[in-house]
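Here's the structure, in structure tokens; my notes come after.
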Amino acid sequence: MDAQAKSRPADAGEPPGCTLEQHQTGEVLRLHGHWTLAAVSPRLAELTAELAAHAQRTDLGWDLRGVVALDSAGALLLWRAWGRRRPETLELGDRQQALFAAWETQTTAEPAPRRALRQRLLAGLARPGRAMVEPTRALLLLLGQLLIDSLLLLRRPGRIPWREISATIYVTGFKALAITGLVGALIGVVIAYQSALQLRNYGAEIFIVDMLGFSVTRELGPMLAAIIVAGRSGSAITAQIGVMRLTQELDAMTTLGMSVSQRLVLPRVLALTLVMPLLALWTITAAMIGGIIASELTVGLGFEYFLITLPDRLPVANLWIGLGKSLVFGAVIGLTAAHLGLRVQPNTRDLGARTTRSVVTSITLVIVLNALFSIILREVGFR
């Protein structure tokens, strides 16, 4: 037994081969042996080159009836050598006909023509816009459904889900008092301390009242409360609704004729809208207390001075601006969280991705809206 026979697998059988024969109708390439994966693999490069050389002749006939065994790998080797189409003269057995018929039905995707640089740039710029079409459409549909639900509940107050609303207020509002109060107090301490260090150089320590009052009441208090609620409660709402999607509870509610938006979305959006101004007011109060304590320790401005000076320096319109912004922040956080929760796909990976996206989107929207409010109301609340 030669070296080639020793290297051939035992189950490969007779090696594949071809013989060129002369017939009355012309030359015919007769194939023989086992044209299977096990038999073809040791001589793949050699057989590919040999078949490609024979396939260049258009007058050559092919006869595969002498092939002992032919599988899809051997048929693919021949199919590629023929240029993915049968030769004009081809003799096949019945089982071989089925193999090549399967390859003929395969649709080979042609490579897309390379577009010009300008077209690729335009397509790249338009891709984010196209990706936003479906989420925007779903969000508008949710807003419309919430409006319809609100009108229906106003006509029938007895159907208002008070239990869900109160439970959401308790979870998103009362349980968030500790963290929002702590963050607010620390922010007040930082603002007062840093301001005192700089204003002391110019003998203007009394302006700490203005800096602390305007920055906390108008900007930082509402925004910090909204960011904490977005990370704490918004993600929880998305996860809750997403888990209900995974466990098919939403499908069961729809089957029972229950409105998902009326029972799940509306109570959470309404509760967050109501509770955010209260949390913002609590955060503003904690920040003012922290700032007053820091001011007294650094520059000696005590509680009495702040209580007397603050109403004169800070117009009450700033407080209403802060509370009004918080109202909008709560509605936006609730809508974003519920919208992304309803769009969770039935797998745990998408649940985590949607929850993360809910937090990021809510915080981004809060910051963008706060900037817009600052620009629009730049002339309001100042003397």
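Following the order of the structure tokens, chains are lettered A, B, ..., residues in each are numbered from 1, and ligands are numbered from 1.
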Which of range 102-276 of chain A fall in alpha helix (DSSP H), as a ChimeraX atom specification: /A:102-105,117-155,162-172,177-199,208-214,221-229,235-246,249-255,260,266-276
For the selection just defined, write its residues with C-alpha atoms to a file, as a tab-separated table (two decimals), in the first residue's frame.
```tsv
chain	number	residue	atom	x	y	z
A	102	ALA	CA	-31.00	21.43	-4.91
A	103	TRP	CA	-28.03	23.58	-5.86
A	104	GLU	CA	-29.91	25.03	-8.81
A	105	THR	CA	-32.73	26.21	-6.54
A	117	LEU	CA	-18.98	58.21	-1.77
A	118	ARG	CA	-21.71	60.85	-1.83
A	119	GLN	CA	-24.46	58.22	-1.75
A	120	ARG	CA	-22.79	56.38	1.14
A	121	LEU	CA	-22.46	59.60	3.14
A	122	LEU	CA	-26.11	60.49	2.56
A	123	ALA	CA	-27.18	56.98	3.53
A	124	GLY	CA	-25.10	57.17	6.71
A	125	LEU	CA	-26.65	60.51	7.65
A	126	ALA	CA	-30.18	59.24	6.96
A	127	ARG	CA	-29.76	55.98	8.89
A	128	PRO	CA	-30.30	57.47	12.38
A	129	GLY	CA	-33.41	59.27	11.15
A	130	ARG	CA	-34.87	56.09	9.70
A	131	ALA	CA	-34.08	54.25	12.94
A	132	MET	CA	-36.08	56.84	14.89
A	133	VAL	CA	-39.22	56.56	12.76
A	134	GLU	CA	-40.69	53.45	14.38
A	135	PRO	CA	-39.94	54.40	18.04
A	136	THR	CA	-41.36	57.89	17.44
A	137	ARG	CA	-44.48	56.41	15.88
A	138	ALA	CA	-44.94	54.04	18.83
A	139	LEU	CA	-44.46	56.90	21.31
A	140	LEU	CA	-47.05	59.07	19.53
A	141	LEU	CA	-49.49	56.15	19.57
A	142	LEU	CA	-48.90	55.73	23.31
A	143	LEU	CA	-49.51	59.44	23.89
A	144	GLY	CA	-52.74	59.28	21.93
A	145	GLN	CA	-53.88	56.22	23.85
A	146	LEU	CA	-53.11	57.91	27.17
A	147	LEU	CA	-55.13	60.95	26.10
A	148	ILE	CA	-58.10	58.73	25.21
A	149	ASP	CA	-57.77	56.84	28.51
A	150	SER	CA	-57.69	60.10	30.44
A	151	LEU	CA	-60.88	61.32	28.78
A	152	LEU	CA	-62.60	58.00	29.45
A	153	LEU	CA	-61.59	58.02	33.11
A	154	LEU	CA	-62.78	61.61	33.52
A	155	ARG	CA	-66.19	60.51	32.32
A	162	TRP	CA	-56.38	54.86	42.56
A	163	ARG	CA	-54.63	51.86	44.10
A	164	GLU	CA	-51.98	51.71	41.38
A	165	ILE	CA	-51.50	55.48	41.49
A	166	SER	CA	-51.07	55.55	45.27
A	167	ALA	CA	-48.71	52.57	45.21
A	168	THR	CA	-46.55	54.26	42.57
A	169	ILE	CA	-46.52	57.52	44.54
A	170	TYR	CA	-45.38	55.60	47.62
A	171	VAL	CA	-42.61	53.73	45.78
A	172	THR	CA	-41.34	56.59	43.61
A	177	LEU	CA	-37.07	61.03	50.17
A	178	ALA	CA	-33.91	59.78	51.87
A	179	ILE	CA	-31.67	59.71	48.81
A	180	THR	CA	-32.98	62.98	47.32
A	181	GLY	CA	-32.68	64.74	50.67
A	182	LEU	CA	-29.12	63.50	51.17
A	183	VAL	CA	-28.02	64.50	47.66
A	184	GLY	CA	-29.72	67.88	47.97
A	185	ALA	CA	-28.07	68.64	51.33
A	186	LEU	CA	-24.62	67.67	50.02
A	187	ILE	CA	-25.06	69.79	46.89
A	188	GLY	CA	-26.06	72.76	49.06
A	189	VAL	CA	-22.95	72.27	51.21
A	190	VAL	CA	-20.69	72.12	48.15
A	191	ILE	CA	-22.19	75.23	46.52
A	192	ALA	CA	-22.04	77.29	49.71
A	193	TYR	CA	-18.52	76.17	50.62
A	194	GLN	CA	-17.02	76.72	47.15
A	195	SER	CA	-18.81	80.06	46.78
A	196	ALA	CA	-17.59	81.22	50.16
A	197	LEU	CA	-13.97	80.44	49.26
A	198	GLN	CA	-14.16	82.61	46.14
A	199	LEU	CA	-16.37	85.46	47.42
A	208	ILE	CA	-23.86	83.45	48.84
A	209	VAL	CA	-27.58	83.88	49.44
A	210	ASP	CA	-28.13	84.81	45.78
A	211	MET	CA	-25.93	82.07	44.37
A	212	LEU	CA	-27.39	79.37	46.58
A	213	GLY	CA	-30.99	80.49	46.14
A	214	PHE	CA	-31.00	80.88	42.36
A	221	GLY	CA	-32.92	71.08	42.84
A	222	PRO	CA	-35.46	70.05	40.16
A	223	MET	CA	-32.81	68.54	37.90
A	224	LEU	CA	-31.11	66.47	40.62
A	225	ALA	CA	-34.45	65.14	41.82
A	226	ALA	CA	-35.40	64.20	38.25
A	227	ILE	CA	-32.07	62.45	37.60
A	228	ILE	CA	-32.39	60.41	40.80
A	229	VAL	CA	-35.99	59.45	39.98
A	235	SER	CA	-35.56	51.90	35.41
A	236	ALA	CA	-37.86	50.01	37.80
A	237	ILE	CA	-40.92	50.86	35.69
A	238	THR	CA	-39.20	49.68	32.50
A	239	ALA	CA	-38.09	46.47	34.18
A	240	GLN	CA	-41.55	45.78	35.63
A	241	ILE	CA	-43.36	46.18	32.32
A	242	GLY	CA	-40.59	44.30	30.51
A	243	VAL	CA	-40.87	41.33	32.85
A	244	MET	CA	-44.61	41.31	32.24
A	245	ARG	CA	-43.81	41.10	28.54
A	246	LEU	CA	-41.46	38.17	29.15
A	249	GLU	CA	-48.84	38.89	31.35
A	250	LEU	CA	-49.41	41.75	28.89
A	251	ASP	CA	-50.83	39.28	26.37
A	252	ALA	CA	-53.07	37.83	29.06
A	253	MET	CA	-54.35	41.29	29.98
A	254	THR	CA	-55.14	42.02	26.33
A	255	THR	CA	-56.91	38.67	25.99
A	260	VAL	CA	-52.59	47.87	29.22
A	266	LEU	CA	-51.36	55.87	32.94
A	267	PRO	CA	-51.07	55.28	36.74
A	268	ARG	CA	-47.26	55.41	36.59
A	269	VAL	CA	-47.09	58.48	34.37
A	270	LEU	CA	-49.69	60.31	36.47
A	271	ALA	CA	-48.00	59.34	39.74
A	272	LEU	CA	-44.58	60.53	38.59
A	273	THR	CA	-46.09	63.77	37.29
A	274	LEU	CA	-47.67	64.44	40.67
A	275	VAL	CA	-44.78	63.37	42.86
A	276	MET	CA	-41.90	65.10	41.03
```
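The residue that comes closest to Gln96 in chain A, out of A:Gly66, A:Gly302, A:Gly324, A:Gly83 and on the basis of only C-alpha atoms, is A:Gly66.
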message: Using DSSP assignments from the backbone, pull out every residue in range 31-158 of chain A that falls under strand (DSSP E or B) and give it to me as a PyMOL selection string.
response: chain A and resi 31-35+61-63+67-70+90-91
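Going from CA of Val359 in chain A to CA of Gly322 in chain A covers 21.6 Å.
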Contacts of range 14-18 of chain A at 8 Å (only C-alpha atoms; same-chain gap of 6+ positions) as a ChimeraX atom specification: /A:29-35,39-40
Could you write out that same residue set with C-alpha atoms as a PDB file, in the first residue's frame?
```
ATOM      1  CA  LEU A  29     -15.014  13.290 -19.149  1.00  0.00           C
ATOM      2  CA  ARG A  30     -16.088  10.234 -17.177  1.00  0.00           C
ATOM      3  CA  LEU A  31     -15.962  10.546 -13.372  1.00  0.00           C
ATOM      4  CA  HIS A  32     -15.538   7.541 -11.100  1.00  0.00           C
ATOM      5  CA  GLY A  33     -14.875   6.673  -7.474  1.00  0.00           C
ATOM      6  CA  HIS A  34     -16.258   8.227  -4.306  1.00  0.00           C
ATOM      7  CA  TRP A  35     -16.948  11.965  -4.592  1.00  0.00           C
ATOM      8  CA  ALA A  39     -12.693  11.213  -0.162  1.00  0.00           C
ATOM      9  CA  VAL A  40     -12.422  14.693  -1.673  1.00  0.00           C
TER      10      VAL A  40
END
```
field: Pick from A:Ala55, A:Ala81, A:Ile284, A:Leu76 nearest to Val28 in chain A, counting only C-alpha atoms
entry: A:Ala55
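Counting only C-alpha atoms and comparing A:Ala73, A:Leu264, A:Leu307, A:Ala101, the residue that lies closest to Leu44 in chain A is A:Ala73.
Shortest separation to Arg84 in chain A among A:Asp312, A:Phe100, A:Met288, A:Val68 occurs at residue A:Phe100, atoms counted being only C-alpha atoms.
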message: I'd like the contact shell of Pro87 in chain A - 8 Å cut-off, only C-alpha atoms, skipping same-chain residues fewer than 2 positions apart - returned as a list in words.
response: Thr58, Gly61, Trp62, Trp82, Arg85, Thr89 and Leu90 of chain A
